[in-house]
file input.pdb (PDB, C-alpha atoms)
ATOM      1  CA  LYS A   1     -56.870 -26.093   3.912  1.00  0.00           C
ATOM      2  CA  ASN A   2     -53.148 -25.559   4.143  1.00  0.00           C
ATOM      3  CA  GLU A   3     -51.690 -22.803   2.017  1.00  0.00           C
ATOM      4  CA  VAL A   4     -48.171 -23.656   0.864  1.00  0.00           C
ATOM      5  CA  GLU A   5     -46.086 -20.801  -0.483  1.00  0.00           C
ATOM      6  CA  GLN A   6     -42.685 -21.144  -2.081  1.00  0.00           C
ATOM      7  CA  SER A   7     -40.130 -18.504  -2.943  1.00  0.00           C
ATOM      8  CA  PRO A   8     -38.646 -17.663  -5.256  1.00  0.00           C
ATOM      9  CA  GLN A   9     -40.789 -18.974  -8.117  1.00  0.00           C
ATOM     10  CA  ASN A  10     -37.838 -18.823 -10.519  1.00  0.00           C
ATOM     11  CA  LEU A  11     -34.134 -18.764  -9.755  1.00  0.00           C
ATOM     12  CA  THR A  12     -31.174 -18.644 -12.106  1.00  0.00           C
ATOM     13  CA  ALA A  13     -27.697 -18.940 -10.628  1.00  0.00           C
ATOM     14  CA  GLN A  14     -24.143 -19.687 -11.647  1.00  0.00           C
ATOM     15  CA  GLU A  15     -22.489 -23.015 -11.065  1.00  0.00           C
ATOM     16  CA  GLY A  16     -20.971 -23.187  -7.596  1.00  0.00           C
ATOM     17  CA  GLU A  17     -23.374 -20.763  -5.943  1.00  0.00           C
ATOM     18  CA  PHE A  18     -25.158 -21.523  -2.688  1.00  0.00           C
ATOM     19  CA  ILE A  19     -28.887 -21.873  -3.328  1.00  0.00           C
ATOM     20  CA  THR A  20     -31.750 -21.354  -0.886  1.00  0.00           C
ATOM     21  CA  ILE A  21     -35.397 -22.131  -1.605  1.00  0.00           C
ATOM     22  CA  ASN A  22     -38.024 -21.247   0.963  1.00  0.00           C
ATOM     23  CA  CYS A  23     -41.368 -22.765   1.862  1.00  0.00           C
ATOM     24  CA  SER A  24     -43.989 -21.533   4.293  1.00  0.00           C
ATOM     25  CA  TYR A  25     -47.307 -23.060   5.214  1.00  0.00           C
ATOM     26  CA  SER A  26     -50.339 -21.874   7.102  1.00  0.00           C
ATOM     27  CA  VAL A  27     -51.550 -24.804   9.213  1.00  0.00           C
ATOM     28  CA  GLY A  28     -49.692 -27.178  11.504  1.00  0.00           C
ATOM     29  CA  ILE A  29     -48.366 -30.293   9.796  1.00  0.00           C
ATOM     30  CA  SER A  30     -47.108 -33.752  10.631  1.00  0.00           C
ATOM     31  CA  ALA A  31     -44.368 -33.742   7.986  1.00  0.00           C
ATOM     32  CA  LEU A  32     -42.921 -31.682   5.160  1.00  0.00           C
ATOM     33  CA  HIS A  33     -41.519 -33.090   1.942  1.00  0.00           C
ATOM     34  CA  TRP A  34     -39.066 -31.607  -0.518  1.00  0.00           C
ATOM     35  CA  LEU A  35     -39.404 -33.054  -4.004  1.00  0.00           C
ATOM     36  CA  GLN A  36     -37.435 -32.625  -7.207  1.00  0.00           C
ATOM     37  CA  GLN A  37     -39.140 -32.704 -10.591  1.00  0.00           C
ATOM     38  CA  HIS A  38     -37.068 -32.953 -13.763  1.00  0.00           C
ATOM     39  CA  PRO A  39     -38.293 -31.770 -17.190  1.00  0.00           C
ATOM     40  CA  GLY A  40     -39.584 -35.244 -18.070  1.00  0.00           C
ATOM     41  CA  GLY A  41     -42.093 -34.955 -15.245  1.00  0.00           C
ATOM     42  CA  GLY A  42     -40.889 -37.640 -12.873  1.00  0.00           C
ATOM     43  CA  ILE A  43     -40.714 -36.653  -9.227  1.00  0.00           C
ATOM     44  CA  VAL A  44     -38.074 -37.764  -6.765  1.00  0.00           C
ATOM     45  CA  SER A  45     -38.424 -37.386  -3.024  1.00  0.00           C
ATOM     46  CA  LEU A  46     -35.433 -35.522  -1.588  1.00  0.00           C
ATOM     47  CA  PHE A  47     -36.352 -35.133   2.047  1.00  0.00           C
ATOM     48  CA  MET A  48     -39.120 -35.783   4.471  1.00  0.00           C
ATOM     49  CA  LEU A  49     -38.771 -34.009   7.790  1.00  0.00           C
ATOM     50  CA  SER A  50     -40.876 -33.073  10.764  1.00  0.00           C
ATOM     51  CA  SER A  51     -38.260 -31.225  12.817  1.00  0.00           C
ATOM     52  CA  GLY A  52     -34.716 -29.944  12.739  1.00  0.00           C
ATOM     53  CA  LYS A  53     -32.408 -30.506   9.825  1.00  0.00           C
ATOM     54  CA  LYS A  54     -31.432 -33.221   7.353  1.00  0.00           C
ATOM     55  CA  LYS A  55     -28.493 -33.473   4.964  1.00  0.00           C
ATOM     56  CA  HIS A  56     -27.958 -35.614   1.866  1.00  0.00           C
ATOM     57  CA  GLY A  57     -24.739 -34.862   0.034  1.00  0.00           C
ATOM     58  CA  ARG A  58     -24.902 -31.245  -1.126  1.00  0.00           C
ATOM     59  CA  LEU A  59     -28.536 -30.834  -0.120  1.00  0.00           C
ATOM     60  CA  ILE A  60     -29.656 -29.571   3.278  1.00  0.00           C
ATOM     61  CA  ALA A  61     -33.250 -29.179   4.470  1.00  0.00           C
ATOM     62  CA  THR A  62     -34.329 -27.382   7.605  1.00  0.00           C
ATOM     63  CA  ILE A  63     -37.701 -26.840   9.209  1.00  0.00           C
ATOM     64  CA  ASN A  64     -38.929 -24.497  11.917  1.00  0.00           C
ATOM     65  CA  ILE A  65     -42.234 -25.837  13.178  1.00  0.00           C
ATOM     66  CA  GLN A  66     -43.039 -22.773  15.288  1.00  0.00           C
ATOM     67  CA  GLU A  67     -42.554 -20.418  12.353  1.00  0.00           C
ATOM     68  CA  LYS A  68     -44.172 -22.838   9.851  1.00  0.00           C
ATOM     69  CA  HIS A  69     -41.212 -22.466   7.539  1.00  0.00           C
ATOM     70  CA  SER A  70     -38.740 -24.724   5.785  1.00  0.00           C
ATOM     71  CA  SER A  71     -35.706 -24.103   3.601  1.00  0.00           C
ATOM     72  CA  LEU A  72     -33.899 -26.229   1.062  1.00  0.00           C
ATOM     73  CA  HIS A  73     -30.236 -25.403   0.516  1.00  0.00           C
ATOM     74  CA  ILE A  74     -27.949 -26.587  -2.258  1.00  0.00           C
ATOM     75  CA  THR A  75     -24.231 -26.126  -1.744  1.00  0.00           C
ATOM     76  CA  ALA A  76     -21.751 -25.981  -4.646  1.00  0.00           C
ATOM     77  CA  SER A  77     -24.609 -25.981  -7.167  1.00  0.00           C
ATOM     78  CA  HIS A  78     -24.176 -27.773 -10.474  1.00  0.00           C
ATOM     79  CA  PRO A  79     -26.084 -27.613 -13.787  1.00  0.00           C
ATOM     80  CA  ARG A  80     -27.520 -31.073 -13.105  1.00  0.00           C
ATOM     81  CA  ASP A  81     -29.326 -29.527 -10.114  1.00  0.00           C
ATOM     82  CA  SER A  82     -31.514 -27.650 -12.595  1.00  0.00           C
ATOM     83  CA  ALA A  83     -35.072 -28.781 -11.921  1.00  0.00           C
ATOM     84  CA  VAL A  84     -38.300 -27.734 -10.254  1.00  0.00           C
ATOM     85  CA  TYR A  85     -38.172 -28.075  -6.484  1.00  0.00           C
ATOM     86  CA  ILE A  86     -41.511 -28.631  -4.814  1.00  0.00           C
ATOM     87  CA  CYS A  87     -42.435 -28.285  -1.181  1.00  0.00           C
ATOM     88  CA  ALA A  88     -45.324 -30.425   0.048  1.00  0.00           C
ATOM     89  CA  VAL A  89     -46.909 -30.773   3.472  1.00  0.00           C
ATOM     90  CA  GLU A  90     -48.723 -33.607   5.143  1.00  0.00           C
ATOM     91  CA  GLU A  91     -51.301 -32.980   7.817  1.00  0.00           C
ATOM     92  CA  GLY A  92     -52.220 -35.379  10.569  1.00  0.00           C
ATOM     93  CA  GLY A  93     -54.027 -38.498   9.422  1.00  0.00           C
ATOM     94  CA  GLY A  94     -52.544 -38.523   5.948  1.00  0.00           C
ATOM     95  CA  ALA A  95     -55.840 -39.306   4.238  1.00  0.00           C
ATOM     96  CA  ASP A  96     -55.650 -36.033   2.345  1.00  0.00           C
ATOM     97  CA  GLY A  97     -52.340 -36.923   0.808  1.00  0.00           C
ATOM     98  CA  LEU A  98     -49.938 -34.062   0.318  1.00  0.00           C
ATOM     99  CA  THR A  99     -50.616 -30.373  -0.297  1.00  0.00           C
ATOM    100  CA  PHE A 100     -48.131 -28.923  -2.723  1.00  0.00           C
ATOM    101  CA  GLY A 101     -46.550 -25.576  -3.356  1.00  0.00           C
ATOM    102  CA  LYS A 102     -46.291 -24.319  -6.922  1.00  0.00           C
ATOM    103  CA  GLY A 103     -42.623 -25.159  -7.105  1.00  0.00           C
ATOM    104  CA  THR A 104     -39.392 -23.249  -7.657  1.00  0.00           C
ATOM    105  CA  HIS A 105     -37.878 -23.475 -11.119  1.00  0.00           C
ATOM    106  CA  LEU A 106     -34.102 -23.554 -10.638  1.00  0.00           C
ATOM    107  CA  ILE A 107     -31.607 -23.133 -13.470  1.00  0.00           C
ATOM    108  CA  ILE A 108     -27.899 -23.480 -12.761  1.00  0.00           C
ATOM    109  CA  GLN A 109     -25.758 -22.071 -15.552  1.00  0.00           C
ATOM    110  CA  PRO A 110     -22.239 -23.409 -16.206  1.00  0.00           C
TER     111      PRO A 110
ATOM    112  CA  GLU B   1     -36.038 -45.319 -10.480  1.00  0.00           C
ATOM    113  CA  THR B   2     -38.428 -44.849  -7.571  1.00  0.00           C
ATOM    114  CA  GLY B   3     -40.114 -48.242  -7.639  1.00  0.00           C
ATOM    115  CA  VAL B   4     -43.402 -46.782  -8.877  1.00  0.00           C
ATOM    116  CA  THR B   5     -44.067 -47.443 -12.568  1.00  0.00           C
ATOM    117  CA  GLN B   6     -46.670 -45.676 -14.641  1.00  0.00           C
ATOM    118  CA  THR B   7     -47.845 -46.607 -18.127  1.00  0.00           C
ATOM    119  CA  PRO B   8     -48.189 -45.227 -20.661  1.00  0.00           C
ATOM    120  CA  ARG B   9     -45.765 -42.316 -20.367  1.00  0.00           C
ATOM    121  CA  HIS B  10     -47.617 -40.356 -23.032  1.00  0.00           C
ATOM    122  CA  LEU B  11     -51.217 -40.589 -24.204  1.00  0.00           C
ATOM    123  CA  VAL B  12     -53.188 -38.669 -26.772  1.00  0.00           C
ATOM    124  CA  MET B  13     -56.911 -39.336 -26.816  1.00  0.00           C
ATOM    125  CA  GLY B  14     -60.035 -37.928 -28.375  1.00  0.00           C
ATOM    126  CA  MET B  15     -62.915 -36.665 -26.290  1.00  0.00           C
ATOM    127  CA  THR B  16     -65.015 -39.717 -27.112  1.00  0.00           C
ATOM    128  CA  ASN B  17     -62.296 -42.287 -26.344  1.00  0.00           C
ATOM    129  CA  LYS B  18     -61.983 -44.515 -23.320  1.00  0.00           C
ATOM    130  CA  LYS B  19     -58.503 -45.178 -22.007  1.00  0.00           C
ATOM    131  CA  SER B  20     -56.852 -46.262 -18.770  1.00  0.00           C
ATOM    132  CA  LEU B  21     -53.725 -45.207 -16.933  1.00  0.00           C
ATOM    133  CA  LYS B  22     -51.850 -47.815 -14.938  1.00  0.00           C
ATOM    134  CA  CYS B  23     -49.682 -47.515 -11.853  1.00  0.00           C
ATOM    135  CA  GLU B  24     -47.743 -50.356 -10.294  1.00  0.00           C
ATOM    136  CA  GLN B  25     -45.543 -50.602  -7.215  1.00  0.00           C
ATOM    137  CA  HIS B  26     -43.904 -53.574  -5.559  1.00  0.00           C
ATOM    138  CA  LEU B  27     -42.573 -51.650  -2.586  1.00  0.00           C
ATOM    139  CA  GLY B  28     -45.021 -53.237  -0.180  1.00  0.00           C
ATOM    140  CA  HIS B  29     -46.835 -49.937   0.216  1.00  0.00           C
ATOM    141  CA  ASN B  30     -50.437 -49.881   1.330  1.00  0.00           C
ATOM    142  CA  ALA B  31     -51.453 -46.396   0.248  1.00  0.00           C
ATOM    143  CA  MET B  32     -51.627 -45.206  -3.359  1.00  0.00           C
ATOM    144  CA  TYR B  33     -52.570 -41.834  -4.791  1.00  0.00           C
ATOM    145  CA  TRP B  34     -53.492 -40.190  -8.064  1.00  0.00           C
ATOM    146  CA  TYR B  35     -52.407 -36.568  -8.563  1.00  0.00           C
ATOM    147  CA  LYS B  36     -53.008 -34.168 -11.442  1.00  0.00           C
ATOM    148  CA  GLN B  37     -50.484 -31.535 -12.447  1.00  0.00           C
ATOM    149  CA  SER B  38     -51.747 -28.865 -14.815  1.00  0.00           C
ATOM    150  CA  ALA B  39     -49.536 -26.221 -16.327  1.00  0.00           C
ATOM    151  CA  LYS B  40     -48.484 -23.543 -13.829  1.00  0.00           C
ATOM    152  CA  LYS B  41     -50.584 -25.049 -11.024  1.00  0.00           C
ATOM    153  CA  PRO B  42     -49.607 -27.078  -7.961  1.00  0.00           C
ATOM    154  CA  LEU B  43     -50.196 -30.786  -7.945  1.00  0.00           C
ATOM    155  CA  GLU B  44     -53.760 -31.608  -6.993  1.00  0.00           C
ATOM    156  CA  LEU B  45     -54.807 -34.710  -5.144  1.00  0.00           C
ATOM    157  CA  MET B  46     -57.457 -36.699  -7.001  1.00  0.00           C
ATOM    158  CA  PHE B  47     -57.887 -40.037  -5.233  1.00  0.00           C
ATOM    159  CA  VAL B  48     -56.456 -41.895  -2.265  1.00  0.00           C
ATOM    160  CA  TYR B  49     -56.561 -45.638  -1.702  1.00  0.00           C
ATOM    161  CA  ASN B  50     -55.528 -47.294   1.532  1.00  0.00           C
ATOM    162  CA  PHE B  51     -55.447 -51.104   1.658  1.00  0.00           C
ATOM    163  CA  LYS B  52     -57.388 -51.126  -1.657  1.00  0.00           C
ATOM    164  CA  GLU B  53     -60.182 -48.997  -0.190  1.00  0.00           C
ATOM    165  CA  GLN B  54     -60.846 -45.532  -1.536  1.00  0.00           C
ATOM    166  CA  THR B  55     -60.542 -43.046   1.312  1.00  0.00           C
ATOM    167  CA  GLU B  56     -60.620 -39.786  -0.580  1.00  0.00           C
ATOM    168  CA  ASN B  57     -62.285 -38.487  -3.711  1.00  0.00           C
ATOM    169  CA  ASN B  58     -61.254 -34.886  -3.974  1.00  0.00           C
ATOM    170  CA  SER B  59     -64.311 -33.637  -5.891  1.00  0.00           C
ATOM    171  CA  VAL B  60     -63.098 -35.247  -9.084  1.00  0.00           C
ATOM    172  CA  PRO B  61     -65.528 -35.382 -12.040  1.00  0.00           C
ATOM    173  CA  SER B  62     -67.023 -38.781 -12.759  1.00  0.00           C
ATOM    174  CA  ARG B  63     -65.288 -38.953 -16.138  1.00  0.00           C
ATOM    175  CA  PHE B  64     -62.288 -40.045 -14.040  1.00  0.00           C
ATOM    176  CA  SER B  65     -62.847 -43.445 -12.459  1.00  0.00           C
ATOM    177  CA  PRO B  66     -60.198 -45.050 -10.235  1.00  0.00           C
ATOM    178  CA  GLU B  67     -59.749 -48.740  -9.603  1.00  0.00           C
ATOM    179  CA  CYS B  68     -57.480 -50.484  -7.121  1.00  0.00           C
ATOM    180  CA  PRO B  69     -57.709 -54.258  -7.595  1.00  0.00           C
ATOM    181  CA  ASN B  70     -54.877 -54.932  -5.139  1.00  0.00           C
ATOM    182  CA  SER B  71     -52.427 -52.910  -3.111  1.00  0.00           C
ATOM    183  CA  SER B  72     -49.793 -53.084  -5.874  1.00  0.00           C
ATOM    184  CA  HIS B  73     -51.875 -51.753  -8.753  1.00  0.00           C
ATOM    185  CA  LEU B  74     -53.879 -48.620  -9.313  1.00  0.00           C
ATOM    186  CA  PHE B  75     -55.760 -47.633 -12.446  1.00  0.00           C
ATOM    187  CA  LEU B  76     -57.364 -44.433 -13.612  1.00  0.00           C
ATOM    188  CA  HIS B  77     -60.064 -45.034 -16.199  1.00  0.00           C
ATOM    189  CA  LEU B  78     -60.777 -42.106 -18.485  1.00  0.00           C
ATOM    190  CA  HIS B  79     -63.869 -41.494 -20.610  1.00  0.00           C
ATOM    191  CA  THR B  80     -65.390 -38.526 -22.407  1.00  0.00           C
ATOM    192  CA  LEU B  81     -62.618 -36.225 -21.258  1.00  0.00           C
ATOM    193  CA  GLN B  82     -62.372 -32.531 -22.048  1.00  0.00           C
ATOM    194  CA  PRO B  83     -59.379 -30.659 -23.475  1.00  0.00           C
ATOM    195  CA  GLU B  84     -58.865 -28.986 -20.081  1.00  0.00           C
ATOM    196  CA  ASP B  85     -58.156 -32.437 -18.644  1.00  0.00           C
ATOM    197  CA  SER B  86     -54.856 -32.413 -20.513  1.00  0.00           C
ATOM    198  CA  ALA B  87     -52.192 -32.595 -17.814  1.00  0.00           C
ATOM    199  CA  LEU B  88     -49.525 -34.738 -16.221  1.00  0.00           C
ATOM    200  CA  TYR B  89     -51.083 -37.466 -14.092  1.00  0.00           C
ATOM    201  CA  LEU B  90     -48.856 -38.727 -11.331  1.00  0.00           C
ATOM    202  CA  CYS B  91     -49.209 -41.818  -9.201  1.00  0.00           C
ATOM    203  CA  ALA B  92     -47.599 -42.058  -5.787  1.00  0.00           C
ATOM    204  CA  SER B  93     -47.410 -44.610  -3.029  1.00  0.00           C
ATOM    205  CA  SER B  94     -46.453 -44.646   0.622  1.00  0.00           C
ATOM    206  CA  HIS B  95     -46.161 -47.287   3.292  1.00  0.00           C
ATOM    207  CA  SER B  96     -49.176 -45.992   5.137  1.00  0.00           C
ATOM    208  CA  LEU B  97     -51.436 -42.982   5.369  1.00  0.00           C
ATOM    209  CA  TRP B  98     -50.554 -42.124   8.908  1.00  0.00           C
ATOM    210  CA  GLY B  99     -47.455 -40.582  10.342  1.00  0.00           C
ATOM    211  CA  ASP B 100     -44.560 -39.190   8.422  1.00  0.00           C
ATOM    212  CA  THR B 101     -44.062 -41.723   5.661  1.00  0.00           C
ATOM    213  CA  GLU B 102     -42.101 -40.922   2.568  1.00  0.00           C
ATOM    214  CA  ALA B 103     -43.998 -40.735  -0.720  1.00  0.00           C
ATOM    215  CA  PHE B 104     -42.641 -42.345  -3.873  1.00  0.00           C
ATOM    216  CA  PHE B 105     -43.782 -40.997  -7.215  1.00  0.00           C
ATOM    217  CA  GLY B 106     -44.036 -42.494 -10.651  1.00  0.00           C
ATOM    218  CA  GLN B 107     -42.736 -40.783 -13.782  1.00  0.00           C
ATOM    219  CA  GLY B 108     -46.209 -39.647 -14.704  1.00  0.00           C
ATOM    220  CA  THR B 109     -48.419 -39.979 -17.771  1.00  0.00           C
ATOM    221  CA  ARG B 110     -48.561 -36.920 -20.019  1.00  0.00           C
ATOM    222  CA  LEU B 111     -52.152 -36.827 -21.241  1.00  0.00           C
ATOM    223  CA  THR B 112     -53.337 -34.739 -24.159  1.00  0.00           C
ATOM    224  CA  VAL B 113     -57.045 -34.613 -24.941  1.00  0.00           C
ATOM    225  CA  VAL B 114     -57.853 -33.497 -28.469  1.00  0.00           C
TER     226      VAL B 114
END
call {"tool": "encode", "arguments": {"input": "input.pdb", "output": "structure tokens"}}
result
Amino acid sequence: KNEVEQSPQNLTAQEGEFITINCSYSVGISALHWLQQHPGGGIVSLFMLSSGKKKHGRLIATINIQEKHSSLHITASHPRDSAVYICAVEEGGGADGLTFGKGTHLIIQP
Amino acid sequence: ETGVTQTPRHLVMGMTNKKSLKCEQHLGHNAMYWYKQSAKKPLELMFVYNFKEQTENNSVPSRFSPECPNSSHLFLHLHTLQPEDSALYLCASSHSLWGDTEAFFGQGTRLTVV
């Protein structure tokens, strides 16, 4: 069973700061997902990646398959970025769904 | 709006009640999932359906009973639940089980068992 670890668990930063959230996993995967969960509970998929780097607006996700590690970066952070960010991994076959990390609770203060 | 709709958004039920959670997607996805999110714990996979067939039952107690009448709808029938079953129940869908397909999540149903 894949062990998915995220760090930090909690992060408070000032508006405008560069944010990095890390995710490591123990077993080889076919894809890694970064998800955003707002206080209401709904989850939005931010990225799905299996290699390299992806960028959407102020968000950047990278993955290093050899090191079993991924990072999510937020540039020019804003209070509306405050949410729980969850890393999830998908192993080959997909029948087991996703294995999730515990999430990183991010608060961006004005 | 992710295209996956869950109802109800909130549910309070007694331990002797029977209720159902509903999930609906019209994204043309073939795989649907039920997840449970308890306080301070990672999401846990409960059930997986692929082309309306259940492919995974992740050691879920029988008081939770899934139903997938077609590839657009997924239900979770609840009966004689326990207070520790109180959690956020999330539905997700993806185009297929295999390969790197993006998952789309519903808003979740916040369940409280009293």
call {"tool": "resolve_selection", "arguments": {"input": "input.pdb", "expression": "the PyMOL selection byres ((chain B and resi 111) around 8)", "output": "list of chain:residue names"}}
result
B:His10, B:Leu11, B:Val12, B:Met13, B:Asp85, B:Ser86, B:Ala87, B:Leu88, B:Tyr89, B:Thr109, B:Arg110, B:Thr112, B:Val113
call {"tool": "residues_near_point", "arguments": {"input": "input.pdb", "point": "(-44.2, -34.5, 0.7)", "cutoff": "10 Å", "atoms": "only C-alpha atoms", "output": "list in words"}}
result
Ala31, Leu32, His33, Trp34, Leu35, Ser45, Leu46, Phe47, Met48, Leu49, Ile86, Cys87, Ala88, Val89, Glu90, Gly97, Leu98, Thr99 and Phe100 of chain A; Asp100, Thr101, Glu102, Ala103 and Phe104 of chain B
call {"tool": "residues_near_point", "arguments": {"input": "input.pdb", "point": "(-46.7, -43.9, -4.2)", "cutoff": "8 Å", "atoms": "all atoms listed in the file", "output": "PDB file with C-alpha atoms, in the coordinates of the input"}}
result
ATOM      1  CA  VAL B   4     -43.402 -46.782  -8.877  1.00  0.00           C
ATOM      2  CA  GLN B  25     -45.543 -50.602  -7.215  1.00  0.00           C
ATOM      3  CA  HIS B  29     -46.835 -49.937   0.216  1.00  0.00           C
ATOM      4  CA  ALA B  31     -51.453 -46.396   0.248  1.00  0.00           C
ATOM      5  CA  MET B  32     -51.627 -45.206  -3.359  1.00  0.00           C
ATOM      6  CA  TYR B  33     -52.570 -41.834  -4.791  1.00  0.00           C
ATOM      7  CA  CYS B  91     -49.209 -41.818  -9.201  1.00  0.00           C
ATOM      8  CA  ALA B  92     -47.599 -42.058  -5.787  1.00  0.00           C
ATOM      9  CA  SER B  93     -47.410 -44.610  -3.029  1.00  0.00           C
ATOM     10  CA  SER B  94     -46.453 -44.646   0.622  1.00  0.00           C
ATOM     11  CA  ALA B 103     -43.998 -40.735  -0.720  1.00  0.00           C
ATOM     12  CA  PHE B 104     -42.641 -42.345  -3.873  1.00  0.00           C
ATOM     13  CA  PHE B 105     -43.782 -40.997  -7.215  1.00  0.00           C
ATOM     14  CA  GLY B 106     -44.036 -42.494 -10.651  1.00  0.00           C
TER      15      GLY B 106
END
call {"tool": "atom_distance", "arguments": {"input": "input.pdb", "atom1": "CA of Thr12 in chain A", "atom2": "CA of Thr75 in chain A"}}
result
14.5 Å
call {"tool": "atom_distance", "arguments": {"input": "input.pdb", "atom1": "CA of Thr20 in chain A", "atom2": "CA of Gln37 in chain B"}}
result
24.3 Å
call {"tool": "closest_residue", "arguments": {"input": "input.pdb", "among": "B:Cys68, B:Leu78, B:Ala39, B:Val60", "to": "chain A", "atoms": "all atoms listed in the file"}}
result
B:Ala39
call {"tool": "atom_distance", "arguments": {"input": "input.pdb", "atom1": "CA of Leu76 in chain B", "atom2": "CA of Gly41 in chain A"}}
result
18.0 Å
call {"tool": "axis_aligned_box", "arguments": {"input": "input.pdb", "around": "range 1-18 of chain A", "padding_each_side": "5 Å", "output": "AutoDock Vina command-line options"}}
result
--center_x -38.9 --center_y -21.9 --center_z -4.0 --size_x 45.9 --size_y 18.4 --size_z 26.2
call {"tool": "resolve_selection", "arguments": {"input": "input.pdb", "expression": "the PyMOL selection byres ((chain A and resi 23) around 7)", "output": "list in words"}}
result
Val4, Glu5, Gln6, Ser7, Ile21, Asn22, Ser24, Tyr25, His69, Ser70, Ser71 and Cys87 of chain A
call {"tool": "closest_residue", "arguments": {"input": "input.pdb", "among": "A:Ile29, A:Ile108, A:Leu72, A:Ala83", "to": "chain B", "atoms": "only C-alpha atoms"}}
result
A:Ile29
